[in-house]
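Trainee: Next comes upload.tsv, TSV, C-alpha atoms:
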```tsv
chain	number	residue	atom	x	y	z
A	4	MET	CA	7.34	-39.13	29.67
A	5	ALA	CA	5.58	-35.77	29.66
A	6	THR	CA	4.84	-34.20	26.33
A	7	THR	CA	4.97	-30.50	25.72
A	8	LYS	CA	1.94	-28.97	24.11
A	9	PRO	CA	2.76	-26.90	21.05
A	10	GLN	CA	2.35	-23.23	21.76
A	11	PRO	CA	-0.12	-21.34	19.55
A	12	ALA	CA	1.44	-19.01	17.08
A	13	SER	CA	1.56	-15.45	18.36
A	14	SER	CA	-0.82	-13.07	16.64
A	15	THR	CA	1.28	-10.08	17.67
A	16	GLN	CA	2.65	-8.22	14.67
A	17	PRO	CA	6.28	-7.06	14.62
A	18	HIS	CA	6.46	-3.67	16.25
A	19	PRO	CA	9.01	-0.97	17.14
A	20	THR	CA	9.68	-0.07	20.74
A	21	PRO	CA	7.22	2.41	22.30
A	22	GLU	CA	9.86	5.16	22.23
A	23	ALA	CA	10.61	4.58	18.55
A	24	GLU	CA	6.92	4.32	17.64
A	25	GLU	CA	6.24	7.68	19.25
A	26	VAL	CA	9.02	9.31	17.20
A	27	PHE	CA	7.92	7.58	13.98
A	28	ARG	CA	4.31	8.67	14.43
A	29	ARG	CA	5.28	12.25	15.31
A	30	TRP	CA	7.45	12.48	12.18
A	31	ILE	CA	4.71	11.16	9.86
A	32	ARG	CA	2.11	13.42	11.51
A	33	PHE	CA	4.42	16.44	11.12
A	34	LEU	CA	4.99	15.71	7.42
A	35	ASP	CA	1.30	15.10	6.80
A	36	GLU	CA	0.40	18.46	8.34
A	37	GLU	CA	3.15	20.26	6.41
A	38	PHE	CA	2.02	18.87	3.06
A	39	TYR	CA	-1.61	19.77	3.78
A	40	ARG	CA	-0.52	23.27	4.79
A	41	HIS	CA	1.80	23.85	1.85
A	42	ARG	CA	0.78	23.05	-1.73
A	43	SER	CA	3.20	25.22	-3.66
A	44	PRO	CA	5.87	23.16	-5.48
A	45	GLU	CA	8.61	25.46	-4.17
A	46	ARG	CA	7.70	25.11	-0.50
A	47	ARG	CA	7.16	21.37	-0.78
A	48	ALA	CA	10.58	21.03	-2.44
A	49	GLU	CA	12.16	22.88	0.49
A	50	ILE	CA	10.47	20.60	3.02
A	51	VAL	CA	11.60	17.47	1.17
A	52	ARG	CA	15.14	18.81	0.73
A	53	ASP	CA	15.43	19.54	4.46
A	54	GLN	CA	14.13	16.10	5.41
A	55	LEU	CA	16.42	14.27	2.99
A	56	TYR	CA	19.44	16.22	4.20
A	57	GLN	CA	18.94	14.80	7.66
A	58	LEU	CA	18.09	11.29	6.45
A	59	TYR	CA	21.12	11.04	4.16
A	60	LEU	CA	23.70	13.42	5.64
A	61	GLY	CA	22.71	13.47	9.28
A	62	ARG	CA	22.70	17.26	9.48
A	63	PRO	CA	20.31	20.13	8.75
A	64	HIS	CA	20.43	21.90	5.42
A	65	GLY	CA	22.11	25.29	5.43
A	66	THR	CA	25.83	24.93	4.78
A	67	LYS	CA	26.71	26.14	1.28
A	68	PRO	CA	28.79	23.51	-0.57
A	69	ASN	CA	32.32	24.45	-1.57
A	70	VAL	CA	32.03	23.86	-5.31
A	71	SER	CA	35.57	25.03	-6.03
A	72	LEU	CA	37.21	21.94	-4.54
A	73	THR	CA	37.36	19.02	-6.97
A	74	SER	CA	37.76	16.62	-4.05
A	75	GLU	CA	34.33	17.64	-2.74
A	76	LEU	CA	32.44	17.34	-6.03
A	77	PRO	CA	30.84	13.93	-5.28
A	78	GLY	CA	29.53	15.24	-1.98
A	79	ASN	CA	28.24	18.35	-3.69
A	80	VAL	CA	26.46	16.26	-6.31
A	81	LEU	CA	24.76	14.32	-3.51
A	82	SER	CA	23.74	17.39	-1.53
A	83	TYR	CA	22.35	19.21	-4.58
A	84	SER	CA	20.49	16.09	-5.69
A	85	LEU	CA	18.62	15.90	-2.39
A	86	ASP	CA	16.70	18.99	-3.53
A	87	PRO	CA	13.79	18.01	-5.84
A	88	GLU	CA	14.31	21.22	-7.81
A	89	ASN	CA	17.70	19.91	-8.97
A	90	VAL	CA	16.50	16.57	-10.34
A	91	THR	CA	14.45	15.50	-13.34
A	92	LEU	CA	12.22	12.43	-13.41
A	93	ASP	CA	11.03	10.30	-16.34
A	94	ALA	CA	7.50	11.71	-16.20
A	95	GLU	CA	8.74	15.21	-17.02
A	96	TYR	CA	9.84	14.04	-20.47
A	97	PHE	CA	6.38	12.73	-21.45
A	98	ASN	CA	4.39	14.94	-23.80
A	99	ASN	CA	0.99	14.32	-22.18
A	100	ILE	CA	1.94	15.37	-18.66
A	101	ASP	CA	-0.21	17.93	-16.84
A	102	PRO	CA	2.53	20.31	-15.63
A	103	VAL	CA	0.38	21.90	-12.93
A	104	GLU	CA	-0.84	18.62	-11.42
A	105	TYR	CA	2.62	17.10	-11.57
A	106	ALA	CA	4.48	20.12	-10.17
A	107	VAL	CA	2.80	19.90	-6.75
A	108	ARG	CA	3.49	16.16	-6.61
A	109	LYS	CA	7.03	15.96	-7.95
A	110	PRO	CA	8.74	16.82	-4.61
A	111	LEU	CA	6.66	14.15	-2.87
A	112	ILE	CA	7.39	11.54	-5.54
A	113	TRP	CA	11.11	12.31	-5.13
A	114	PHE	CA	10.69	11.94	-1.36
A	115	TRP	CA	8.93	8.58	-1.93
A	116	LYS	CA	11.78	7.31	-4.12
A	117	MET	CA	14.59	8.57	-1.90
A	118	PHE	CA	13.00	7.30	1.30
A	119	ASP	CA	12.84	3.81	-0.22
A	120	ARG	CA	16.49	4.00	-1.28
A	121	SER	CA	17.66	5.10	2.16
A	122	PRO	CA	18.50	2.62	4.94
A	123	ILE	CA	15.26	3.38	6.78
A	124	GLY	CA	13.29	2.41	3.67
A	125	LEU	CA	13.87	-1.18	4.82
A	126	ASN	CA	11.86	-0.50	8.00
A	127	VAL	CA	8.58	-2.22	7.10
A	128	TRP	CA	6.47	-0.81	9.97
A	129	LEU	CA	7.56	2.76	9.28
A	130	GLY	CA	7.58	2.42	5.49
A	131	LEU	CA	3.98	1.21	5.22
A	132	ARG	CA	2.77	4.22	7.17
A	133	PHE	CA	5.07	6.70	5.46
A	134	ARG	CA	3.93	5.69	1.95
A	135	CYS	CA	0.26	5.81	2.88
A	136	MET	CA	0.75	9.31	4.25
A	137	LEU	CA	2.47	10.47	1.05
A	138	GLY	CA	-0.09	8.65	-1.10
A	139	ARG	CA	-2.86	10.84	0.30
A	140	HIS	CA	-1.04	13.86	-1.14
A	141	ILE	CA	0.04	12.23	-4.42
A	142	PHE	CA	-2.74	9.93	-5.63
A	143	ASP	CA	-6.09	10.89	-7.10
A	144	HIS	CA	-7.61	8.67	-4.41
A	145	MET	CA	-6.11	6.80	-1.46
A	146	GLY	CA	-8.32	4.47	0.54
A	147	SER	CA	-7.95	3.34	4.14
A	148	GLY	CA	-6.03	0.27	5.27
A	149	VAL	CA	-3.80	0.27	2.18
A	150	LYS	CA	-0.37	-1.39	2.36
A	151	ILE	CA	2.34	-0.32	-0.07
A	152	HIS	CA	5.71	-1.99	0.29
A	153	GLN	CA	9.22	-0.83	-0.56
A	154	GLY	CA	10.30	0.03	-4.09
A	155	VAL	CA	6.87	0.66	-5.64
A	156	ASP	CA	7.47	3.01	-8.58
A	157	LEU	CA	5.03	5.72	-9.66
A	158	THR	CA	4.86	7.80	-12.84
A	159	TYR	CA	2.40	10.71	-12.54
A	160	GLY	CA	0.68	9.81	-9.28
A	161	TYR	CA	-2.31	12.05	-9.97
A	162	LYS	CA	-3.81	9.40	-12.28
A	163	LEU	CA	-3.59	6.67	-9.67
A	164	SER	CA	-6.50	5.51	-7.50
A	165	VAL	CA	-6.03	2.90	-4.75
A	166	ASP	CA	-9.09	1.75	-2.83
A	167	ASP	CA	-9.54	0.44	0.72
A	168	GLY	CA	-7.49	-2.55	1.84
A	169	ALA	CA	-5.42	-2.90	-1.33
A	170	VAL	CA	-1.96	-4.43	-0.95
A	171	ILE	CA	0.88	-3.56	-3.33
A	172	HIS	CA	4.01	-5.61	-2.78
A	173	GLN	CA	7.63	-4.62	-3.31
A	174	GLY	CA	9.07	-3.50	-6.60
A	175	VAL	CA	5.74	-3.00	-8.40
A	176	LEU	CA	5.63	-0.52	-11.30
A	177	LEU	CA	2.47	1.60	-11.50
A	178	HIS	CA	2.84	3.36	-14.85
A	179	ASP	CA	-0.23	5.56	-14.53
A	180	ARG	CA	0.09	7.77	-17.61
A	181	GLY	CA	-3.37	6.77	-18.79
A	182	GLY	CA	-4.81	6.12	-15.34
A	183	ILE	CA	-4.80	3.09	-13.04
A	184	LYS	CA	-7.57	2.12	-10.62
A	185	ILE	CA	-6.87	-0.54	-8.00
A	186	GLY	CA	-10.00	-1.86	-6.31
A	187	LYS	CA	-10.82	-2.75	-2.73
A	188	ASN	CA	-8.72	-5.56	-1.22
A	189	ALA	CA	-6.91	-6.16	-4.50
A	190	ILE	CA	-3.40	-7.61	-4.16
A	191	ILE	CA	-0.56	-6.97	-6.57
A	192	GLY	CA	2.40	-9.35	-6.27
A	193	SER	CA	6.05	-8.34	-6.10
A	194	TYR	CA	7.64	-6.85	-9.23
A	195	ALA	CA	4.42	-6.85	-11.26
A	196	ARG	CA	4.22	-4.24	-14.05
A	197	ILE	CA	0.95	-2.34	-14.49
A	198	PHE	CA	0.74	-0.14	-17.59
A	199	SER	CA	-1.93	2.27	-18.79
A	200	HIS	CA	-0.66	3.17	-22.25
A	201	SER	CA	0.64	1.60	-25.44
A	202	TYR	CA	2.56	2.68	-28.54
A	203	SER	CA	1.68	2.55	-32.21
A	204	GLU	CA	3.67	0.50	-34.67
A	205	THR	CA	6.09	3.42	-35.09
A	206	ASN	CA	7.04	3.00	-31.41
A	207	LYS	CA	7.61	6.74	-31.14
A	208	GLU	CA	7.04	8.62	-27.91
A	209	GLU	CA	4.67	11.10	-29.57
A	210	ASP	CA	2.47	8.22	-30.80
A	211	VAL	CA	1.60	6.97	-27.33
A	212	LYS	CA	-2.00	5.88	-26.75
A	213	LEU	CA	-3.43	6.35	-23.26
A	214	GLN	CA	-5.46	3.35	-22.08
A	215	PRO	CA	-6.83	3.35	-18.50
A	216	THR	CA	-6.33	0.10	-16.60
A	217	THR	CA	-8.59	-1.26	-13.86
A	218	ILE	CA	-7.79	-3.89	-11.24
A	219	GLY	CA	-11.12	-5.05	-9.82
A	220	ASP	CA	-12.08	-5.48	-6.17
A	221	GLY	CA	-10.41	-8.52	-4.63
A	222	ALA	CA	-8.38	-9.28	-7.75
A	223	ARG	CA	-4.94	-10.84	-7.31
A	224	ILE	CA	-2.01	-10.22	-9.63
A	225	GLY	CA	0.86	-12.70	-9.39
A	226	SER	CA	4.49	-11.70	-8.94
A	227	HIS	CA	6.31	-10.51	-12.09
A	228	GLU	CA	3.08	-10.40	-14.12
A	229	ILE	CA	2.66	-7.69	-16.77
A	230	ILE	CA	-0.71	-5.98	-17.14
A	231	MET	CA	-0.95	-4.06	-20.40
A	232	GLY	CA	-2.67	-0.72	-20.88
A	233	GLY	CA	-6.44	-0.88	-21.28
A	234	THR	CA	-6.80	-4.15	-19.34
A	235	ASN	CA	-9.81	-4.58	-17.05
A	236	ILE	CA	-9.21	-7.24	-14.42
A	237	ALA	CA	-12.56	-8.50	-13.13
A	238	PRO	CA	-13.37	-8.53	-9.40
A	239	ASN	CA	-11.75	-11.51	-7.63
A	240	GLU	CA	-9.96	-12.59	-10.81
A	241	VAL	CA	-6.53	-14.18	-10.41
A	242	VAL	CA	-3.87	-13.29	-12.97
A	243	GLY	CA	-0.80	-15.54	-13.17
A	244	HIS	CA	0.39	-17.77	-10.35
A	245	TYR	CA	-0.93	-16.68	-6.98
A	246	PRO	CA	-0.44	-19.10	-4.05
A	247	ALA	CA	-3.68	-20.29	-2.50
A	248	PHE	CA	-2.38	-19.71	1.04
A	249	LYS	CA	-2.13	-15.98	0.30
A	250	VAL	CA	-5.82	-15.63	-0.53
```
Before we go any further, please render this structure as structure tokens.
Mentor:
Amino acid sequence: MATTKPQPASSTQPHPTPEAEEVFRRWIRFLDEEFYRHRSPERRAEIVRDQLYQLYLGRPHGTKPNVSLTSELPGNVLSYSLDPENVTLDAEYFNNIDPVEYAVRKPLIWFWKMFDRSPIGLNVWLGLRFRCMLGRHIFDHMGSGVKIHQGVDLTYGYKLSVDDGAVIHQGVLLHDRGGIKIGKNAIIGSYARIFSHSYSETNKEEDVKLQPTTIGDGARIGSHEIIMGGTNIAPNEVVGHYPAFKV
């Protein structure tokens, strides 16, 4: 009886169709060029608003909402909230924020959050490239070959540095008030919490202490781990449970 040889596992990565890939790449390239060209908070907010209108409502921005009809209020709330100028984010309530640095990034951080909460945020191939593009305009430093998965939450953005080859899995919190540096080829597991500040015994917002946090080159942070402000993870150090097969 003939035996069938096991077929080698395919090394081909999941991929969109050529037609879809062309559209995805054109969209990311267009956005990248627009954000390099325009650095004013107002113009960036307009760009993000127009993009989110089409992603969420399937139509261009331009129609003025009828705010007099009670039956249309939920839709009006949605349409107004797609404009970054009509929303507030947690970072804006912190007393140590740099308003100038944050203002140029706020529309992009809103875009980041809303992209991930839209249906296309589940598209891994597109999402990895979209977030890296935005990261170049948000972060203090963004290396090459970085992979950032869905639901990663940022605070200021301008105090965040991510070096070459780093991987940040889904649902990670990067609370960069005091500054976070993520080294080359470091891996942060899903839903980890990385802080860069602490509070005094009074636990009052005005008594916050900024404490930069460093994740060394090649370090690996296990899923659901909490890294407190001021921590320095050594190169190649493993924090928490990290499966050996993921090394």
Trainee: Distance atom CA of Gly243 of chain A-atom CA of Gln153 of chain A, one decimal place?
Mentor: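 Going from atom CA of Gly243 of chain A over to atom CA of Gln153 of chain A, I get 21.8 Å.
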Trainee: Can you pull out every residue within 9 Å of Asn239 of chain A, counting all atoms listed in the file, but drop anything in the same chain fewer than 4 positions away, and send it as an NGL selection string?
Mentor: :A and (189 or 219-223)
Trainee: I need the residues from that last selection saved to file as a tab-separated table (two decimals), in the coordinates of the input (with C-alpha atoms), if you can.
Mentor:
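Okay, selection-v6.tsv is ready:
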```tsv
chain	number	residue	atom	x	y	z
A	189	ALA	CA	-6.91	-6.16	-4.50
A	219	GLY	CA	-11.12	-5.05	-9.82
A	220	ASP	CA	-12.08	-5.48	-6.17
A	221	GLY	CA	-10.41	-8.52	-4.63
A	222	ALA	CA	-8.38	-9.28	-7.75
A	223	ARG	CA	-4.94	-10.84	-7.31
```
Trainee: What does the distance from atom CA of Pro87 of chain A to atom CA of Leu177 of chain A come to in Å, to one decimal?
Mentor: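 Value for the atom CA of Pro87 of chain A-atom CA of Leu177 of chain A distance: 20.7 Å.
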Trainee: Please build the interface table for segment 102-141 of chain A against segment 55-70 of chain A with a cut-off of 9 Å, listing for each qualifying residue the nearest atom pair and the distance in Å to one decimal; count all atoms listed in the file, order rows by chain and increasing number, and write it as JSON lines.
Mentor:
```
{"residue": "A:Phe114", "atom": "CA", "partner": "A:Leu55", "partner_atom": "CA", "distance": 7.6}
{"residue": "A:Met117", "atom": "CA", "partner": "A:Leu55", "partner_atom": "CA", "distance": 7.7}
{"residue": "A:Phe118", "atom": "CA", "partner": "A:Leu55", "partner_atom": "CA", "distance": 7.9}
{"residue": "A:Ser121", "atom": "CA", "partner": "A:Tyr59", "partner_atom": "CA", "distance": 7.2}
{"residue": "A:Pro122", "atom": "CA", "partner": "A:Leu58", "partner_atom": "CA", "distance": 8.8}
{"residue": "A:Ile123", "atom": "CA", "partner": "A:Leu58", "partner_atom": "CA", "distance": 8.4}
```
Trainee: May I ask which of the residues A:Ile185, A:Leu163, A:Val211, A:Leu176 is the closest one to Glu228 of chain A, counting only C-alpha atoms?
Mentor: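 Checking each of A:Ile185, A:Leu163, A:Val211, A:Leu176 against Glu228 of chain A, counting only C-alpha atoms, the winner is A:Leu176.
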Trainee: Return the single residue from A:Val170, A:Leu213, A:Val241, A:Ala195 that is closest to Ile229 of chain A, with distances computed using all atoms listed in the file.
Mentor: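 With all atoms listed in the file as the atom set, the closest residue is A:Ala195.
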Trainee: Calculated over only C-alpha atoms, which of the candidates A:Ala23, A:Ile112, A:Ala48, A:Val103 has the smallest distance to Asn89 of chain A?
Mentor: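 Once distances to Asn89 of chain A are computed over only C-alpha atoms, the minimum belongs to A:Ala48.
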Trainee: In Å, with one decimal, what is the gap from atom CA of Ile183 of chain A to atom CA of Gly232 of chain A?
Mentor: 9.0 Å
Trainee: Would you list the contacts of Trp128 of chain A as an mmCIF file with C-alpha atoms, keeping the file's coordinate frame, taking every protein, DNA or RNA residue within 10 Å and counting all atoms listed in the file, but skipping same-chain residues closer than 5 positions in sequence?
Mentor:
```cif
data_model
loop_
_atom_site.group_PDB
_atom_site.id
_atom_site.type_symbol
_atom_site.label_atom_id
_atom_site.label_comp_id
_atom_site.auth_asym_id
_atom_site.auth_seq_id
_atom_site.Cartn_x
_atom_site.Cartn_y
_atom_site.Cartn_z
ATOM 1 C CA GLN A 16 2.650 -8.220 14.670
ATOM 2 C CA PRO A 17 6.280 -7.060 14.620
ATOM 3 C CA HIS A 18 6.460 -3.670 16.250
ATOM 4 C CA PRO A 19 9.010 -0.970 17.140
ATOM 5 C CA GLU A 24 6.920 4.320 17.640
ATOM 6 C CA PHE A 27 7.920 7.580 13.980
ATOM 7 C CA PHE A 133 5.070 6.700 5.460
ATOM 8 C CA HIS A 152 5.710 -1.990 0.290
#
```
Trainee: Within 10 Å of Lys212 of chain A, counting all atoms listed in the file, which residues show up once you throw out same-chain ones fewer than 5 positions away? Write them as an mmCIF file with C-alpha atoms, in the coordinates of the input, please.
Mentor:
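New file out-v8.cif:
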```
data_model
loop_
_atom_site.group_PDB
_atom_site.id
_atom_site.type_symbol
_atom_site.label_atom_id
_atom_site.label_comp_id
_atom_site.auth_asym_id
_atom_site.auth_seq_id
_atom_site.Cartn_x
_atom_site.Cartn_y
_atom_site.Cartn_z
ATOM 1 C CA ARG A 180 0.090 7.770 -17.610
ATOM 2 C CA GLY A 181 -3.370 6.770 -18.790
ATOM 3 C CA SER A 199 -1.930 2.270 -18.790
ATOM 4 C CA HIS A 200 -0.660 3.170 -22.250
ATOM 5 C CA SER A 201 0.640 1.600 -25.440
ATOM 6 C CA TYR A 202 2.560 2.680 -28.540
ATOM 7 C CA SER A 203 1.680 2.550 -32.210
ATOM 8 C CA GLY A 232 -2.670 -0.720 -20.880
ATOM 9 C CA GLY A 233 -6.440 -0.880 -21.280
#
```
Trainee: Pick out the residues sitting within 10 Å of Ile191 of chain A, and hand them over as a PyMOL selection string; count only C-alpha atoms, and ignore anything fewer than 2 positions along from it in its own chain.
Mentor: chain A and resi 151+169-173+175+185+188-189+193-197+218+222-228+242+245
Trainee: Residues at most 10 Å from Glu49 of chain A, counting all atoms listed in the file, excluding those fewer than 3 positions away in the same chain, as an NGL selection string?
Mentor: :A and (44-46 or 52-55 or 64 or 85-88 or 110)
Trainee: Rank A:Val90, A:Met136, A:Tyr105, A:Asn99 by their smallest atom-to-atom distance to Phe38 of chain A, using all atoms listed in the file, and report the top residue only.
Mentor: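 Closest candidate: A:Met136.
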Trainee: May I have the protein, DNA and RNA residues with any atom at most 10 Å from the point (3.0, 5.7, -5.9), counting all atoms listed in the file, written as a PyMOL selection string?
Mentor: chain A and resi 111-112+115-116+134-135+137-139+141-142+151+154-161+163-165+171+175-179
Trainee: Select, from A:Asp93, A:Glu75, A:Glu104, A:Asp143, the residue with the minimum atom-to-atom distance to Arg42 of chain A, counting all atoms listed in the file.
Mentor: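 Smallest distance to Arg42 of chain A is found for A:Glu104.
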